[in-house]
>>> print(open('target-v8.txt').read())   # compact mmCIF, C-alpha atoms
# COMPACT_ATOMS: atom_id res chain seq x y z
CA ALA A 27 0.00 0.00 0.00
CA LEU A 28 2.89 2.37 0.71
CA ALA A 29 4.31 1.72 -2.74
CA LEU A 30 0.87 2.08 -4.31
CA THR A 31 0.23 5.51 -2.85
CA GLY A 32 3.74 6.88 -2.59
CA LEU A 33 2.77 8.22 0.84
CA PRO A 34 4.56 7.63 4.15
CA LYS A 35 2.99 5.31 6.72
CA PRO A 36 0.38 7.44 8.53
CA HIS A 37 0.03 7.64 12.29
CA ILE A 38 -3.07 6.03 13.80
CA TYR A 39 -3.88 9.29 15.60
CA SER A 40 -4.12 11.54 12.56
CA ALA A 41 -6.34 12.64 9.71
CA ASP A 42 -3.58 11.35 7.44
CA LEU A 43 -4.70 7.75 7.99
CA SER A 44 -8.07 8.43 6.33
CA LEU A 45 -6.32 10.41 3.60
CA PHE A 46 -4.06 7.40 3.00
CA VAL A 47 -7.06 5.06 2.63
CA LEU A 48 -8.74 7.40 0.14
CA GLU A 49 -5.53 7.84 -1.85
CA ALA A 50 -5.16 4.05 -1.99
CA GLY A 51 -8.76 3.77 -3.19
CA ILE A 52 -8.08 6.18 -6.04
CA LYS A 53 -4.99 4.24 -7.11
CA LEU A 54 -6.80 0.89 -6.97
CA LEU A 55 -9.68 2.21 -9.01
CA GLU A 56 -7.32 3.67 -11.60
CA GLU A 57 -5.07 0.64 -11.92
CA ARG A 58 -7.20 -2.42 -11.14
CA ARG A 59 -10.86 -1.38 -11.57
CA PRO A 60 -12.23 -3.71 -8.86
CA ASP A 61 -15.97 -4.41 -8.78
CA ILE A 62 -16.26 -3.21 -5.17
CA LEU A 63 -14.04 -0.98 -3.05
CA TYR A 64 -14.69 -0.73 0.70
CA LEU A 65 -12.74 2.23 2.08
CA SER A 66 -12.90 2.35 5.87
CA LEU A 67 -11.79 5.63 7.45
CA THR A 68 -11.11 6.33 11.14
CA ASP A 69 -13.16 8.57 13.41
CA TYR A 70 -10.14 10.27 14.95
CA VAL A 71 -11.03 13.69 13.55
CA GLN A 72 -14.68 13.40 14.62
CA HIS A 73 -13.57 12.54 18.16
CA LYS A 74 -11.21 15.49 18.30
CA ALA A 75 -12.94 18.20 16.26
CA ALA A 76 -16.55 19.35 16.43
CA PRO A 77 -18.49 20.12 13.22
CA GLY A 78 -17.63 23.57 11.90
CA SER A 79 -14.21 23.70 13.55
CA PRO A 80 -11.19 24.38 11.31
CA ALA A 81 -9.86 20.81 11.68
CA ALA A 82 -13.25 19.29 10.83
CA ASN A 83 -13.76 21.60 7.87
CA ALA A 84 -10.30 20.78 6.51
CA PHE A 85 -10.97 17.05 6.88
CA TYR A 86 -14.27 17.16 5.00
CA ALA A 87 -12.80 19.38 2.30
CA MET A 88 -10.13 16.71 1.83
CA MET A 89 -12.84 14.05 1.64
CA ASP A 90 -14.81 16.09 -0.90
CA GLY A 91 -11.78 16.25 -3.16
CA TYR A 92 -11.28 12.49 -3.10
CA LEU A 93 -14.99 11.79 -3.60
CA ALA A 94 -14.91 14.06 -6.67
CA GLN A 95 -12.00 12.01 -8.06
CA LEU A 96 -13.84 8.74 -7.44
CA ASP A 97 -16.90 10.15 -9.19
CA ALA A 98 -14.83 11.30 -12.14
CA LEU A 99 -13.46 7.77 -12.45
CA GLY A 100 -17.03 6.50 -12.91
CA ALA A 101 -17.58 4.92 -9.49
CA THR A 102 -20.92 4.54 -7.81
CA ILE A 103 -20.23 6.16 -4.44
CA VAL A 104 -21.99 5.53 -1.15
CA VAL A 105 -20.89 7.32 2.01
CA THR A 106 -22.12 6.21 5.42
CA ALA A 107 -20.91 5.89 9.01
CA ASP A 108 -21.08 3.36 11.82
CA HIS A 109 -22.23 5.94 14.38
CA GLY A 110 -22.70 9.62 15.10
CA MET A 111 -20.72 11.69 17.59
CA ASN A 112 -21.53 14.19 20.33
CA ASP A 113 -19.76 16.37 22.88
CA LYS A 114 -19.63 14.49 26.18
CA HIS A 115 -18.20 17.17 28.43
CA GLY A 116 -19.18 20.02 30.68
CA ALA A 117 -18.63 23.75 30.26
CA ASP A 118 -15.20 23.42 31.87
CA GLY A 119 -14.15 20.78 29.32
CA SER A 120 -14.08 17.87 31.76
CA PRO A 121 -15.83 14.64 30.69
CA ASN A 122 -19.38 13.99 31.90
CA VAL A 123 -18.86 10.47 33.24
CA ILE A 124 -20.92 8.07 35.30
CA TYR A 125 -18.54 5.42 36.66
CA LEU A 126 -21.00 2.55 36.86
CA GLN A 127 -18.74 0.04 38.59
CA ASP A 128 -18.07 2.51 41.38
CA VAL A 129 -21.79 3.26 41.68
CA LEU A 130 -22.81 -0.42 41.81
CA ASP A 131 -20.00 -1.32 44.22
CA GLY A 132 -21.25 1.42 46.49
CA TRP A 133 -24.76 -0.02 46.44
CA TYR A 134 -24.09 -3.76 46.57
CA GLY A 135 -20.46 -4.17 47.65
CA ALA A 136 -17.38 -5.05 45.64
CA GLY A 137 -17.48 -8.14 43.46
CA ILE A 138 -21.28 -8.37 43.16
CA ALA A 139 -21.81 -6.54 39.88
CA ARG A 140 -19.57 -6.45 36.80
CA VAL A 141 -19.68 -3.67 34.23
CA ILE A 142 -18.55 -4.33 30.64
CA LEU A 143 -17.90 -1.50 28.18
CA PRO A 144 -17.85 -2.43 24.48
CA ILE A 145 -15.86 0.68 23.62
CA THR A 146 -12.70 -0.50 25.40
CA ASP A 147 -10.57 -0.60 22.26
CA PRO A 148 -6.90 0.41 22.58
CA TYR A 149 -7.32 3.83 20.99
CA VAL A 150 -7.72 5.72 24.26
CA VAL A 151 -6.62 9.00 22.69
CA HIS A 152 -9.91 8.93 20.79
CA HIS A 153 -12.24 8.46 23.75
CA GLY A 154 -10.49 7.21 26.90
CA ALA A 155 -12.60 4.01 26.69
CA LEU A 156 -15.66 6.12 27.53
CA GLY A 157 -18.88 5.72 25.53
CA SER A 158 -22.62 5.84 26.08
CA PHE A 159 -23.33 2.08 26.24
CA ALA A 160 -22.64 -0.43 29.00
CA THR A 161 -23.84 -3.88 29.96
CA VAL A 162 -23.92 -5.21 33.52
CA TYR A 163 -23.90 -8.66 35.09
CA LEU A 164 -25.43 -8.87 38.57
CA PRO A 165 -27.48 -11.31 40.69
CA LEU A 166 -31.16 -11.76 39.92
CA ALA A 167 -32.19 -10.45 43.34
CA ALA A 168 -30.57 -7.07 42.63
CA ARG A 169 -31.76 -6.47 39.09
CA ALA A 170 -35.15 -4.85 39.69
CA HIS A 171 -33.63 -2.47 42.21
CA ALA A 172 -30.71 -1.69 39.88
CA VAL A 173 -33.04 -0.88 36.98
CA ARG A 174 -35.01 1.53 39.17
CA VAL A 175 -32.11 3.39 40.75
CA LEU A 176 -29.91 3.48 37.64
CA GLN A 177 -32.77 4.94 35.58
CA ALA A 178 -33.06 7.73 38.15
CA LEU A 179 -29.42 8.81 37.78
CA PRO A 180 -28.91 12.13 35.92
CA GLY A 181 -27.41 11.46 32.52
CA ILE A 182 -28.95 8.01 32.05
CA ASP A 183 -31.16 7.68 28.97
CA VAL A 184 -32.50 4.14 29.36
CA VAL A 185 -31.94 0.99 31.45
CA LEU A 186 -33.13 -2.29 29.94
CA THR A 187 -33.16 -5.91 30.93
CA ARG A 188 -31.39 -8.36 28.65
CA GLU A 189 -34.70 -9.40 27.10
CA GLN A 190 -35.75 -5.80 26.48
CA ALA A 191 -32.38 -4.92 24.97
CA VAL A 192 -32.45 -7.94 22.65
CA GLU A 193 -35.86 -6.86 21.36
CA ARG A 194 -35.16 -3.15 21.06
CA PHE A 195 -31.60 -3.16 19.73
CA GLU A 196 -31.53 -6.54 17.92
CA LEU A 197 -28.70 -7.79 20.12
CA ALA A 198 -27.50 -11.34 20.70
CA GLY A 199 -28.81 -12.29 24.12
CA ASP A 200 -25.95 -14.66 24.90
CA ARG A 201 -23.40 -11.90 24.41
CA ILE A 202 -24.69 -9.17 26.72
CA GLY A 203 -25.14 -8.90 30.45
CA ASP A 204 -28.26 -8.94 32.58
CA LEU A 205 -28.85 -5.20 32.05
CA VAL A 206 -28.05 -2.72 29.29
CA ILE A 207 -27.51 0.92 30.22
CA VAL A 208 -27.43 3.79 27.72
CA SER A 209 -26.51 7.34 28.69
CA ASP A 210 -27.79 10.54 27.10
CA HIS A 211 -26.18 12.68 24.41
CA LEU A 212 -24.03 14.62 26.88
CA THR A 213 -22.88 11.73 29.10
CA VAL A 214 -20.57 8.71 28.91
CA LEU A 215 -20.31 5.57 31.02
CA GLY A 216 -17.18 4.20 32.64
CA THR A 217 -16.29 1.31 34.91
CA SER A 218 -14.23 2.59 37.84
CA ALA A 219 -12.55 5.99 37.79
CA ALA A 220 -9.24 4.34 38.66
CA ARG A 221 -9.39 2.11 35.56
CA HIS A 222 -9.68 4.89 32.97
CA ASP A 223 -6.58 6.68 31.75
CA LEU A 224 -7.80 10.06 30.53
CA THR A 225 -4.36 11.59 30.03
CA GLY A 226 -4.68 11.04 26.28
CA LEU A 227 -7.75 13.28 26.06
CA THR A 228 -5.98 16.42 24.92
CA VAL A 229 -9.26 18.13 23.95
CA PRO A 230 -12.75 17.96 25.51
CA LEU A 231 -14.27 14.50 25.09
CA ARG A 232 -16.42 13.66 22.10
CA SER A 233 -17.76 10.10 21.94
CA HIS A 234 -20.64 7.84 20.91
CA GLY A 235 -22.49 4.62 21.68
CA GLY A 236 -25.90 5.97 22.68
CA ILE A 237 -29.30 6.25 21.06
CA SER A 238 -28.42 9.89 20.36
CA GLU A 239 -25.66 8.70 18.00
CA GLN A 240 -27.78 6.25 16.01
CA LYS A 241 -28.62 8.45 13.05
CA VAL A 242 -26.02 8.37 10.28
CA PRO A 243 -25.92 9.69 6.70
CA LEU A 244 -26.52 7.62 3.59
CA LEU A 245 -25.08 9.67 0.74
CA PHE A 246 -25.05 8.63 -2.92
CA ASN A 247 -23.60 10.28 -6.00
CA ARG A 248 -26.61 9.28 -8.11
CA PRO A 249 -30.34 9.01 -7.40
CA LEU A 250 -31.87 5.86 -5.94
CA GLN A 251 -34.71 4.07 -7.68
CA GLY A 252 -37.07 1.25 -6.78
CA VAL A 253 -36.69 1.63 -3.00
CA ASP A 254 -39.84 1.08 -0.93
CA PRO A 255 -40.59 4.44 0.77
CA ALA A 256 -41.63 2.54 3.90
CA ARG A 257 -38.32 0.68 4.14
CA ARG A 258 -36.19 1.53 7.14
CA LEU A 259 -32.73 2.14 5.72
CA ARG A 260 -29.65 1.45 7.83
CA ASN A 261 -25.94 1.72 7.20
CA PHE A 262 -25.49 -1.96 6.33
CA ASP A 263 -28.08 -1.56 3.55
CA VAL A 264 -25.61 0.44 1.46
CA PHE A 265 -24.38 -2.65 -0.39
CA ASP A 266 -27.88 -3.56 -1.54
CA LEU A 267 -28.68 0.05 -2.42
CA ALA A 268 -25.47 0.59 -4.35
CA LEU A 269 -25.68 -2.67 -6.28
CA ASN A 270 -29.40 -2.79 -6.95
CA HIS A 271 -31.01 0.64 -6.58
CA VAL A 272 -28.67 3.33 -7.88
CA ALA A 273 -29.80 4.93 -11.14
CA PRO A 274 -27.55 4.28 -14.16
CA ARG A 275 -24.79 6.76 -14.77
CA VAL A 276 -25.72 9.28 -17.46
CA VAL A 277 -22.79 10.17 -19.70
CA PRO A 278 -23.35 13.42 -21.61
CA SER A 279 -23.14 12.97 -25.37
CA SER A 280 -20.36 14.84 -27.12
CA GLN A 281 -21.42 17.87 -29.11
>>> encode(input="target-v8.txt", output="structure tokens")
Amino acid sequence: ALALTGLPKPHIYSADLSLFVLEAGIKLLEERRPDILYLSLTDYVQHKAAPGSPAANAFYAMMDGYLAQLDALGATIVVTADHGMNDKHGADGSPNVIYLQDVLDGWYGAGIARVILPITDPYVVHHGALGSFATVYLPLAARAHAVRVLQALPGIDVVLTREQAVERFELAGDRIGDLVIVSDHLTVLGTSAARHDLTGLTVPLRSHGGISEQKVPLLFNRPLQGVDPARRLRNFDVFDLALNHVAPRVVPSSQ
């Protein structure tokens, strides 16, 4: 890939990584004409820069330029995302965090409940392993009480049992805890304060994982046709839409 693009290896914490992927996509389309290209960018910029900020504007201007090149090469283009993003901090810039493990240990004692955060990937500079979704394992006798008191905490959007979460969010019931907790658009969930290294958060926290980050764009470079207006479109539908519902490319006739 380095030889293909002629670019240096980009750092994981940079906009250059997404630029590298797009540059590679252009080269592959020019040289190999694959049937399908899947170009996966990082969300580093979105974590670090709010919409309208100079860094965000520069990033999207860069994306626009590459999308124009892909379009000029005749590609059907679909742009989507895996999640949205929101500010998760107070006026002073400090993260709005509910440390669930600390809260539950205070109620039931240490070792009774266990909080699992799906956002605990190694890229802590992005989000400090803080997002708006958590799942909790705890004894049956404590669950009804936990649902009631957790739902009453400021910053909590919804608390669901495993069965409710499976139904509402289409989750696999054997892969989540007894409860699912989702925080609101301004709040993130942690385990214990001592377990989160926030030294990498050089700017106020922006993160995701909640219901407030569910809506994502579905952008196409040509009109769609034959799509049921009642169909609920989601990001994983882009393959079907691109392959089966994008209008044919119109090539202007030469004068």
>>> residues_around(input="target-v8.txt", residues="region 187-196 of chain A", least_positions_apart="3", cutoff="10 Å", atoms="all atoms listed in the file", output="count of residues only")
16
>>> closest_atom_pairs(input="target-v8.txt", of="region 196-262 of chain A", to="region 50-74 of chain A", cutoff="12 Å", atoms="all atoms listed in the file", output="Markdown table")
| residue | atom | partner | partner_atom | distance |
| --- | --- | --- | --- | --- |
| A:Gly226 | CA | A:Lys74 | CA | 11.2 |
| A:Leu227 | CA | A:Lys74 | CA | 8.8 |
| A:Thr228 | CA | A:Lys74 | CA | 8.5 |
| A:Val229 | CA | A:Lys74 | CA | 6.5 |
| A:Pro230 | CA | A:Lys74 | CA | 7.8 |
| A:Leu231 | CA | A:His73 | CA | 7.2 |
| A:Arg232 | CA | A:His73 | CA | 5.0 |
| A:Ser233 | CA | A:His73 | CA | 6.1 |
| A:His234 | CA | A:His73 | CA | 8.9 |
>>> closest_residue(input="target-v8.txt", among="A:Leu212, A:Leu48, A:Val242, A:Val184", to="Gly110 (chain A)", atoms="only C-alpha atoms")
A:Val242
>>> atom_distance(input="target-v8.txt", atom1="CA of Ala41 (chain A)", atom2="CA of Phe85 (chain A)")
7.0 Å
>>> atom_distance(input="target-v8.txt", atom1="CA of Ala219 (chain A)", atom2="CA of Leu143 (chain A)")
13.3 Å
>>> axis_aligned_box(input="target-v8.txt", around="region 263-275 of chain A", padding_each_side="5 Å", output="JSON")
{"center_x": -27.7, "center_y": 1.6, "center_z": -5.6, "size_x": 16.6, "size_y": 20.3, "size_z": 28.3}
>>> closest_residue(input="target-v8.txt", among="A:Asp131, A:Arg275, A:Leu197, A:Ile142", to="Ala172 (chain A)", atoms="only C-alpha atoms")
A:Asp131
>>> atom_distance(input="target-v8.txt", atom1="CA of Ala136 (chain A)", atom2="CA of Thr213 (chain A)")
24.2 Å
>>> closest_residue(input="target-v8.txt", among="A:Asp210, A:Asp97, A:Asp254, A:Asp263", to="His115 (chain A)", atoms="all atoms listed in the file")
A:Asp210
>>> closest_residue(input="target-v8.txt", among="A:Ser209, A:Ser120, A:Thr217, A:Gln177", to="Val141 (chain A)", atoms="all atoms listed in the file")
A:Thr217
>>> residues_near_point(input="target-v8.txt", point="(-0.5, -3.4, 2.5)", cutoff="12 Å", atoms="only C-alpha atoms", output="list of chain:residue names")
A:Ala27, A:Leu28, A:Ala29, A:Leu30, A:Thr31, A:Lys35, A:Phe46, A:Val47, A:Ala50
>>> write_last_selection(input="target-v8.txt", atoms="C-alpha atoms", output="PDB file, in the coordinates of the input")
ATOM      1  CA  ALA A  27       0.000   0.000   0.000  1.00  0.00           C
ATOM      2  CA  LEU A  28       2.890   2.370   0.710  1.00  0.00           C
ATOM      3  CA  ALA A  29       4.310   1.720  -2.740  1.00  0.00           C
ATOM      4  CA  LEU A  30       0.870   2.080  -4.310  1.00  0.00           C
ATOM      5  CA  THR A  31       0.230   5.510  -2.850  1.00  0.00           C
ATOM      6  CA  LYS A  35       2.990   5.310   6.720  1.00  0.00           C
ATOM      7  CA  PHE A  46      -4.060   7.400   3.000  1.00  0.00           C
ATOM      8  CA  VAL A  47      -7.060   5.060   2.630  1.00  0.00           C
ATOM      9  CA  ALA A  50      -5.160   4.050  -1.990  1.00  0.00           C
TER      10      ALA A  50
END
>>> residues_near_point(input="target-v8.txt", point="(-19.5, 7.5, 0.8)", cutoff="8 Å", atoms="all atoms listed in the file", output="VMD selection string")
chain A and resid 93 103 to 106 244 to 246
>>> residues_around(input="target-v8.txt", residues="Ala76 (chain A)", least_positions_apart="6", cutoff="10 Å", atoms="all atoms listed in the file", output="mmCIF file with C-alpha atoms, in the coordinates of the input")
data_model
loop_
_atom_site.group_PDB
_atom_site.id
_atom_site.type_symbol
_atom_site.label_atom_id
_atom_site.label_comp_id
_atom_site.auth_asym_id
_atom_site.auth_seq_id
_atom_site.Cartn_x
_atom_site.Cartn_y
_atom_site.Cartn_z
ATOM 1 C CA ALA A 82 -13.250 19.290 10.830
ATOM 2 C CA ASN A 83 -13.760 21.600 7.870
ATOM 3 C CA MET A 111 -20.720 11.690 17.590
ATOM 4 C CA ASN A 112 -21.530 14.190 20.330
ATOM 5 C CA ASP A 113 -19.760 16.370 22.880
ATOM 6 C CA PRO A 230 -12.750 17.960 25.510
ATOM 7 C CA ARG A 232 -16.420 13.660 22.100
#
>>> closest_residue(input="target-v8.txt", among="A:Gly216, A:Asn247, A:Ile38, A:Leu259", to="Pro274 (chain A)", atoms="all atoms listed in the file")
A:Asn247
